[in-house]
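Student: Structure in structure tokens, see below.
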Protein chains: 2
Amino acid sequence: MTRTVVESNSKTSIIGFDQPFSVIGERINPTGRKILNEELERGDFSRVQADALAQVAAGATILDINSGAVFSNKMAEDVRYADNNFVEPTLMRQLVEKVQEVTDIPLCIDSSVPGALEAGLEAANGRPLLNSVTGEEERLELVLPLVKKYNVPVVAISNDDTGISEDPDVRFAVAKRIVERAADHGIPAHDIVVDPLVMPIGAMGTAGLQVFTLVRRLREELGVNTTCGASNISFGLPNRHGINNAFLPMAMAAGMTSAIMNPVALPVGPKKIAAKKEEIEAAGIILPEGMDDETFVKLFGMGSTLARPGKEMEAIRAANFLTNNDEGGADWIKFNKPAGTGGASGRGRRGGRRGRA
Amino acid sequence: MTRTVVESNSKTSIIGFDQPFSVIGERINPTGRKILNEELERGDFSRVQADALAQVAAGATILDINSGAVFSNKMAEDVRYADNNFVEPTLMRQLVEKVQEVTDIPLCIDSSVPGALEAGLEAANGRPLLNSVTGEEERLELVLPLVKKYNVPVVAISNDDTGISEDPDVRFAVAKRIVERAADHGIPAHDIVVDPLVMPIGAMGTAGLQVFTLVRRLREELGVNTTCGASNISFGLPNRHGINNAFLPMAMAAGMTSAIMNPVALPVGPKKIAAKKEEIEAAGIILPEGMDDETFVKLFGMGSTLARPGKEMEAIRAANFLTNNDEGGADWIKFNKPAGTGGASGRGRRGGRRGRA
């Protein structure tokens with residue numbers, strides 16, 4: 001049984017064939033998050049810490065820390081800020097330290113900048129996961145020595161100097177080559193978590209089948225754990241959660257052992273609340289004065305203004321159970337306890353569906 | 001590519017490896033449905049017809065017709081009604097005729113009574129699916145000649161005279177024996193849809209893995225289509241829909257091509273509406289007079305008082321897409337169009353999740 005051990009000072013998170021699915025929380029990443037990016041530029045880490053706690057509460061087992069910020073204001077004053085080799089190592093160290101102030105969950109150090117990877121490895125407690133090496137010659141020579149030096153596991157992405165192949169056999173070959181090159185450095189296969197690369201199903205109808213086949217081959221032929229950027233599968237499509245909720249259990253049935261994803265449901269924001277209030281006013285419903293937003297949102301079945309597990313987490317917990325990685329369904333039953341009895345979800349109703357007669 | 005052709009007078013429903021998942025609607029079944037059973041005893045088929053239409057609207061591709069009623073009142077007057085060999089053939093014929101009055105979807109004739117199977121085969125238009133034969137010697141000798149005589153496909157359940165084995169290898173062997181016995185009668189493998197039997201995951205932790213392995217073997221080694229009573233997997237557990245929603249895509253990833261299931265979401269009933277009204281009154285919310293139930297239920301995010309597709313149908317449609325059986329996602333996109341634009345679900349919002357950076 002392949003087991004990839006990721007550790008903080010006090011906690012161990014095992015990625016493995018015989019383990020519940022490993023959820024690597026992706027939220028601490030300034031890429032595409034304008035407000036977070038600006039906060040980081042000002043040295044404000046409050047949202048980072050809140051995101052860390054929310055993801056852990058939602059069920060993340062590892063937190064990804066990506067330092068890929070762009071500091072446009074500082075850049076205007078000091079040209080060195082235009083270079084991510086200058087920005088990221090310092091930022092990565094800060095991010096790791098700030099997250100470790102509030103949680104002891106194991107971390108995943110995520111950057112394309114080698115200096116940031118090393119800064120993260122130095123700052124992180126325990127045995128973090130490194131994200132990532134690729135099959136590109138330069139990356140192999142930069143990252144594998146770090147993996148060996150710090151004795152950490154690493155995410156291996158199956159693209160190389162020729163780019164990302166649409167042919168899954170080529171992606172498998174790239175993964176195999178990375179595993180072989182790692183072995184040359186004395187790095188065992190169980191410390192490599194392969195990302196076979198998930199294409200958007202909207203652009204390539206075989207994208208799902210490719211992943212399922214690749215995951216199975218990677219597991220059976222190379223004996224490695226696997227991961228993916230799960231939400232890529234639904235890029236550009238309506239009701240992305242609906243696709244993701246099916247994709248994750250299917251990938252798990254094929255043997256996928258982790259994913260880099262957001263475990264937290266989008267909280268209901270002020271815009272949605274205002275729109276709903278307009279709708280119900282138009283319907284002639286009168287609200288009492290001073291009702292707080294969370295009470296309002298709950299009464300009208302809109303979800304919650306607070307962070308809570310996304311539907312994908314329900315799908316993953318069900319799939320843990322269905323792959324025999326939740327003994328006796330203890331986690332499933334706890335997760336589905338009605339609100340107020342210690343469960344996480346508040347969905348304690350019984351489906352009431354008869355078994356087939 | 002194995003294809004099992006099921007037909008009505010005007011419609012063809014193909015169960016196959018290269019087809020969207022075949023949803024065999026299970027609702028027309030008096031077993032465990034007290035009110036329906038009583039209505040059938042009185043000769044009232046209105047609910048049967050409504051259930052037929054609701055299941056078709058929700059996405060069923062075949063309708064199962066089960067005649068297993070118990071006519072307790074008639075039994076008291078006429079002892080012949082204690083015998084299902086007396087009750088079911090007449091009832092089956094009536095059920096088939098009543099359903100065919102309102103829809104031309106292909107049917108699945110479901111009974112443990114041979115006379116009812118033959119009555120259904122005679123009454124049904126086209127080429128219905130027969131449900132079922134088992135590996136029991138007596139059933140093989142009773143049912144396979146009917147399958148041959150009427151040239152129809154048949155569901156084969158993998159238990160035999162020794163009962164239902166907990167060992168999946170034994171269940172595979174039973175399925176194989178049925179396929180071989182069918183061949184002796186001149187019935188090809190593509191006309192056999194094997195039900196490998198789904199155990200409740202709450203009672204047997206390996207139940208999910210067993211099904212996935214069996215489905216793969218049945219497909220690869222015997223070349224047969226497969227089905228199951230999908231909701232059995234979650235028997236006795238909280239939040240059964242959560243389990244079912246993950247199980248179906250996982251089984252589809254393993255190669256399952258159909259399921260006997262309820263495609264319709266439970267409509268919100270008067271009890272739930274009354275409870276909600278109490279809750280909102282206690283919160284100080286004032287409703288306008290004369291608000292109809294459907295408007296109320298929609299405004300408070302409770303679902304609908306009307307029949308609509310269950311969440312399992314969303315999971316199946318997503319999994320069709322992910323197994324490359326929904327070209328260009330045309331069906332997914334149609335299903336997820338916002339309400340009022342011709343979509344089925346009214347869930348047209350975009351998830352807004354970023355792809356992995």
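By convention in this document, the chains of the structure tokens carry letters A, B, ... by their order, each chain's residues are numbered from 1, and ligands are numbered from 1 in the order they are shown.
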Considering only helix (DSSP H, G or I) as DSSP defines it on the backbone, what residues of region 19-226 of chain A qualify? List them as a PyMOL selection string.

Tutor: chain A and resi 34-41+46-58+72-77+79-82+84-102+114-123+137-150+168-184+189-191+207-222

Student: Show me, as an mmCIF file with N, CA, C and O atoms, in the first residue's frame, every residue of chain A with an atom at most 7 Å from chain B, counting only C-alpha atoms.

Tutor:
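File selection07.cif, as written:
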data_model
loop_
_atom_site.group_PDB
_atom_site.id
_atom_site.type_symbol
_atom_site.label_atom_id
_atom_site.label_comp_id
_atom_site.auth_asym_id
_atom_site.auth_seq_id
_atom_site.Cartn_x
_atom_site.Cartn_y
_atom_site.Cartn_z
ATOM 1 N N THR A 31 -3.332 34.168 -6.809
ATOM 2 C CA THR A 31 -3.606 34.180 -8.252
ATOM 3 C C THR A 31 -5.105 34.304 -8.485
ATOM 4 O O THR A 31 -5.880 33.458 -8.049
ATOM 5 N N ILE A 201 -13.627 19.170 -19.436
ATOM 6 C CA ILE A 201 -14.501 18.249 -20.169
ATOM 7 C C ILE A 201 -15.272 18.986 -21.264
ATOM 8 O O ILE A 201 -15.639 18.407 -22.287
ATOM 9 N N GLY A 202 -15.474 20.282 -21.072
ATOM 10 C CA GLY A 202 -16.187 21.073 -22.079
ATOM 11 C C GLY A 202 -15.383 21.217 -23.362
ATOM 12 O O GLY A 202 -15.935 21.412 -24.440
ATOM 13 N N GLY A 205 -14.058 15.886 -24.811
ATOM 14 C CA GLY A 205 -15.036 14.935 -24.290
ATOM 15 C C GLY A 205 -14.419 13.732 -23.599
ATOM 16 O O GLY A 205 -15.047 13.085 -22.756
ATOM 17 N N THR A 206 -13.162 13.404 -23.942
ATOM 18 C CA THR A 206 -12.507 12.242 -23.341
ATOM 19 C C THR A 206 -11.744 12.594 -22.069
ATOM 20 O O THR A 206 -11.083 11.740 -21.479
ATOM 21 N N GLY A 208 -12.509 13.145 -18.967
ATOM 22 C CA GLY A 208 -12.810 12.349 -17.773
ATOM 23 C C GLY A 208 -12.240 10.941 -17.888
ATOM 24 O O GLY A 208 -11.515 10.478 -17.005
ATOM 25 N N LEU A 209 -12.526 10.282 -19.003
ATOM 26 C CA LEU A 209 -12.044 8.907 -19.201
ATOM 27 C C LEU A 209 -10.522 8.853 -19.162
ATOM 28 O O LEU A 209 -9.934 7.908 -18.641
ATOM 29 N N GLY A 229 -5.927 19.204 -9.940
ATOM 30 C CA GLY A 229 -6.693 20.422 -9.712
ATOM 31 C C GLY A 229 -8.118 20.104 -10.129
ATOM 32 O O GLY A 229 -8.466 20.172 -11.299
ATOM 33 N N SER A 231 -11.170 21.222 -9.965
ATOM 34 C CA SER A 231 -12.196 22.063 -10.581
ATOM 35 C C SER A 231 -11.913 22.354 -12.054
ATOM 36 O O SER A 231 -12.781 22.833 -12.766
ATOM 37 N N ASN A 232 -10.683 22.049 -12.512
ATOM 38 C CA ASN A 232 -10.385 22.243 -13.944
ATOM 39 C C ASN A 232 -11.372 21.503 -14.839
ATOM 40 O O ASN A 232 -11.675 21.946 -15.939
ATOM 41 N N PHE A 235 -14.288 23.616 -16.057
ATOM 42 C CA PHE A 235 -13.997 24.967 -16.541
ATOM 43 C C PHE A 235 -14.913 25.367 -17.699
ATOM 44 O O PHE A 235 -15.087 24.617 -18.653
ATOM 45 N N PRO A 238 -21.775 25.547 -17.184
ATOM 46 C CA PRO A 238 -22.764 25.908 -16.162
ATOM 47 C C PRO A 238 -22.781 24.865 -15.045
ATOM 48 O O PRO A 238 -22.404 23.721 -15.269
ATOM 49 N N ASN A 239 -23.217 25.289 -13.871
ATOM 50 C CA ASN A 239 -23.352 24.398 -12.693
ATOM 51 C C ASN A 239 -22.089 23.572 -12.487
ATOM 52 O O ASN A 239 -22.133 22.330 -12.470
ATOM 53 N N ARG A 240 -20.972 24.264 -12.313
ATOM 54 C CA ARG A 240 -19.686 23.576 -12.174
ATOM 55 C C ARG A 240 -19.671 22.611 -10.995
ATOM 56 O O ARG A 240 -19.059 21.543 -11.057
ATOM 57 N N HIS A 241 -20.350 22.985 -9.913
ATOM 58 C CA HIS A 241 -20.374 22.089 -8.752
ATOM 59 C C HIS A 241 -20.978 20.734 -9.104
ATOM 60 O O HIS A 241 -20.541 19.696 -8.613
ATOM 61 N N GLY A 242 -22.015 20.758 -9.962
ATOM 62 C CA GLY A 242 -22.660 19.506 -10.364
ATOM 63 C C GLY A 242 -21.672 18.568 -11.048
ATOM 64 O O GLY A 242 -21.667 17.358 -10.808
ATOM 65 N N ILE A 243 -20.818 19.127 -11.917
ATOM 66 C CA ILE A 243 -19.778 18.325 -12.581
ATOM 67 C C ILE A 243 -18.737 17.858 -11.557
ATOM 68 O O ILE A 243 -18.382 16.670 -11.488
ATOM 69 N N ALA A 246 -19.685 14.951 -9.252
ATOM 70 C CA ALA A 246 -19.651 13.618 -9.862
ATOM 71 C C ALA A 246 -18.215 13.212 -10.170
ATOM 72 O O ALA A 246 -17.831 12.057 -9.984
ATOM 73 N N PRO A 249 -15.974 11.615 -6.971
ATOM 74 C CA PRO A 249 -16.191 10.197 -6.667
ATOM 75 C C PRO A 249 -15.733 9.267 -7.791
ATOM 76 O O PRO A 249 -15.197 8.190 -7.530
ATOM 77 N N MET A 250 -15.923 9.684 -9.041
ATOM 78 C CA MET A 250 -15.495 8.835 -10.163
ATOM 79 C C MET A 250 -13.977 8.676 -10.163
ATOM 80 O O MET A 250 -13.456 7.581 -10.368
ATOM 81 N N ALA A 253 -13.079 6.365 -7.421
ATOM 82 C CA ALA A 253 -13.352 4.965 -7.786
ATOM 83 C C ALA A 253 -12.226 4.421 -8.659
ATOM 84 O O ALA A 253 -11.904 3.239 -8.603
ATOM 85 N N GLY A 284 -44.935 40.331 -1.171
ATOM 86 C CA GLY A 284 -45.818 40.777 -0.092
ATOM 87 C C GLY A 284 -45.487 40.218 1.281
ATOM 88 O O GLY A 284 -46.293 40.298 2.216
ATOM 89 N N ILE A 285 -44.289 39.666 1.427
ATOM 90 C CA ILE A 285 -43.885 39.124 2.735
ATOM 91 C C ILE A 285 -43.267 40.247 3.570
ATOM 92 O O ILE A 285 -42.468 41.048 3.073
ATOM 93 N N ILE A 286 -43.670 40.298 4.844
ATOM 94 C CA ILE A 286 -43.130 41.339 5.728
ATOM 95 C C ILE A 286 -42.185 40.709 6.750
ATOM 96 O O ILE A 286 -42.561 39.794 7.489
ATOM 97 N N LEU A 287 -40.952 41.219 6.749
ATOM 98 C CA LEU A 287 -39.946 40.738 7.704
ATOM 99 C C LEU A 287 -40.009 41.566 8.979
ATOM 100 O O LEU A 287 -40.308 42.756 8.934
ATOM 101 N N PRO A 288 -39.722 40.957 10.125
ATOM 102 C CA PRO A 288 -39.614 41.756 11.345
ATOM 103 C C PRO A 288 -38.362 42.638 11.265
ATOM 104 O O PRO A 288 -37.404 42.284 10.578
ATOM 105 N N LEU A 299 -33.574 30.891 7.150
ATOM 106 C CA LEU A 299 -35.028 30.749 7.029
ATOM 107 C C LEU A 299 -35.465 30.625 5.570
ATOM 108 O O LEU A 299 -36.421 29.921 5.257
ATOM 109 N N PHE A 300 -34.751 31.319 4.695
ATOM 110 C CA PHE A 300 -35.136 31.304 3.287
ATOM 111 C C PHE A 300 -34.372 30.249 2.474
ATOM 112 O O PHE A 300 -34.355 30.299 1.243
ATOM 113 N N GLY A 301 -33.733 29.327 3.200
ATOM 114 C CA GLY A 301 -33.112 28.176 2.531
ATOM 115 C C GLY A 301 -32.001 28.545 1.569
ATOM 116 O O GLY A 301 -31.805 27.876 0.549
ATOM 117 N N MET A 302 -31.265 29.640 1.879
ATOM 118 C CA MET A 302 -30.242 30.110 0.950
ATOM 119 C C MET A 302 -28.859 29.565 1.267
ATOM 120 O O MET A 302 -27.908 29.862 0.549
ATOM 121 N N GLU A 314 -19.288 16.581 0.727
ATOM 122 C CA GLU A 314 -20.265 15.504 0.936
ATOM 123 C C GLU A 314 -19.982 14.350 -0.031
ATOM 124 O O GLU A 314 -19.988 13.180 0.367
ATOM 125 N N ALA A 315 -19.719 14.710 -1.300
ATOM 126 C CA ALA A 315 -19.429 13.686 -2.313
ATOM 127 C C ALA A 315 -18.179 12.889 -1.932
ATOM 128 O O ALA A 315 -18.137 11.663 -2.067
ATOM 129 N N ALA A 318 -18.903 10.577 1.042
ATOM 130 C CA ALA A 318 -19.670 9.411 0.575
ATOM 131 C C ALA A 318 -18.741 8.442 -0.163
ATOM 132 O O ALA A 318 -18.804 7.227 0.044
ATOM 133 N N ALA A 319 -17.859 8.990 -0.994
ATOM 134 C CA ALA A 319 -16.953 8.129 -1.771
ATOM 135 C C ALA A 319 -15.909 7.471 -0.869
ATOM 136 O O ALA A 319 -15.486 6.339 -1.137
ATOM 137 N N LEU A 322 -17.729 4.554 0.325
ATOM 138 C CA LEU A 322 -17.956 3.583 -0.749
ATOM 139 C C LEU A 322 -16.677 2.904 -1.224
ATOM 140 O O LEU A 322 -16.732 1.880 -1.909
ATOM 141 N N THR A 323 -15.508 3.479 -0.887
ATOM 142 C CA THR A 323 -14.240 2.808 -1.205
ATOM 143 C C THR A 323 -13.678 2.112 0.033
ATOM 144 O O THR A 323 -12.495 1.769 0.081
ATOM 145 N N ASN A 324 -14.519 1.932 1.028
ATOM 146 C CA ASN A 324 -14.154 1.209 2.260
ATOM 147 C C ASN A 324 -13.060 1.930 3.050
ATOM 148 O O ASN A 324 -12.242 1.292 3.706
ATOM 149 N N GLU A 327 -14.583 3.374 8.116
ATOM 150 C CA GLU A 327 -15.026 2.127 8.760
ATOM 151 C C GLU A 327 -16.360 2.307 9.465
ATOM 152 O O GLU A 327 -16.517 3.166 10.331
ATOM 153 N N GLY A 328 -17.301 1.464 9.080
ATOM 154 C CA GLY A 328 -18.626 1.507 9.691
ATOM 155 C C GLY A 328 -19.370 2.802 9.397
ATOM 156 O O GLY A 328 -20.413 3.074 9.983
ATOM 157 N N GLY A 329 -18.831 3.627 8.499
ATOM 158 C CA GLY A 329 -19.494 4.886 8.175
ATOM 159 C C GLY A 329 -19.453 5.901 9.302
ATOM 160 O O GLY A 329 -20.255 6.842 9.333
ATOM 161 N N ILE A 333 -21.684 9.281 9.254
ATOM 162 C CA ILE A 333 -22.784 9.467 10.201
ATOM 163 C C ILE A 333 -22.564 10.737 11.025
ATOM 164 O O ILE A 333 -23.485 11.527 11.221
ATOM 165 N N ASN A 336 -23.290 13.848 8.982
ATOM 166 C CA ASN A 336 -24.699 14.043 8.648
ATOM 167 C C ASN A 336 -25.619 14.118 9.854
ATOM 168 O O ASN A 336 -26.838 14.012 9.714
ATOM 169 N N ARG A 347 -27.489 18.409 7.753
ATOM 170 C CA ARG A 347 -28.412 17.663 6.896
ATOM 171 C C ARG A 347 -28.593 16.276 7.489
ATOM 172 O O ARG A 347 -27.954 15.326 7.089
ATOM 173 N N GLY A 348 -29.481 16.187 8.466
ATOM 174 C CA GLY A 348 -29.614 14.918 9.157
ATOM 175 C C GLY A 348 -30.849 14.148 8.746
ATOM 176 O O GLY A 348 -31.085 13.055 9.233
ATOM 177 N N ARG A 349 -31.624 14.699 7.848
ATOM 178 C CA ARG A 349 -32.857 14.017 7.465
ATOM 179 C C ARG A 349 -32.525 12.679 6.806
ATOM 180 O O ARG A 349 -31.475 12.505 6.194
ATOM 181 N N ARG A 350 -33.438 11.783 6.929
ATOM 182 C CA ARG A 350 -33.267 10.505 6.245
ATOM 183 C C ARG A 350 -33.942 10.590 4.895
ATOM 184 O O ARG A 350 -35.016 11.159 4.756
ATOM 185 N N GLY A 351 -33.288 10.051 3.900
ATOM 186 C CA GLY A 351 -33.830 10.148 2.536
ATOM 187 C C GLY A 351 -35.172 9.439 2.395
ATOM 188 O O GLY A 351 -35.980 9.784 1.565
ATOM 189 N N GLY A 355 -35.511 0.476 -0.106
ATOM 190 C CA GLY A 355 -34.632 -0.429 -0.843
ATOM 191 C C GLY A 355 -35.455 -1.074 -1.949
ATOM 192 O O GLY A 355 -36.685 -1.074 -1.903
ATOM 193 N N ARG A 356 -34.760 -1.610 -2.918
ATOM 194 C CA ARG A 356 -35.475 -2.271 -4.009
ATOM 195 C C ARG A 356 -36.144 -3.525 -3.467
ATOM 196 O O ARG A 356 -35.537 -4.308 -2.766
ATOM 197 N N ALA A 357 -37.397 -3.691 -3.833
ATOM 198 C CA ALA A 357 -38.153 -4.836 -3.282
ATOM 199 C C ALA A 357 -37.789 -6.106 -4.027
ATOM 200 O O ALA A 357 -37.304 -6.060 -5.145
#

Student: Could you go through region 91-145 of chain B and tell me which residues DSSP, when run on the backbone, assigns to strand (DSSP E), listing them as a PyMOL selection string?

Tutor: chain B and resi 107-110+129-134

Student: CA of Ile62 (chain B) and CA of Ala182 (chain B) are how many Å apart?

Tutor: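 If I compute the distance from CA of Ile62 (chain B) to CA of Ala182 (chain B), I get 22.9 Å.
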
Student: Please compute the CA of Gly120 (chain A)-CA of Gln100 (chain A) distance, one decimal, in Å.

Tutor: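 Computing it gives 11.7 Å between the two atoms.
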
Student: With only C-alpha atoms as the counted atoms, please give the residues lying no more than 12 Å from Asp44 (chain A), apart from itself and same-chain residues fewer than 5 positions off, as a ChimeraX atom specification.

Tutor: /A:35-39,49-50,91,94-95,98

Student: From the list A:Pro196, A:Pro188, A:Gly269, A:Gly255, which residue is nearest Arg219 (chain A) when using only C-alpha atoms?

Tutor: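 Comparing A:Pro196, A:Pro188, A:Gly269, A:Gly255 against Arg219 (chain A), the winner is A:Gly255.
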
Student: Fewer than 5 positions away in the same chain doesn't count, so skip those; otherwise give me all residues within 12 Å of region 224-226 of chain B, counting only C-alpha atoms, as a ChimeraX atom specification.

Tutor: /B:1-5,14-19,21-24,153-158,172,175-176,178-180,188-198,211-212,214-219,251-252,254-260

Student: Report the distance between CA of Asp161 (chain B) and CA of Cys108 (chain B) in Å, rounded to one decimal place.

Tutor: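 According to the coordinates, CA of Asp161 (chain B) and CA of Cys108 (chain B) are separated by 24.4 Å.
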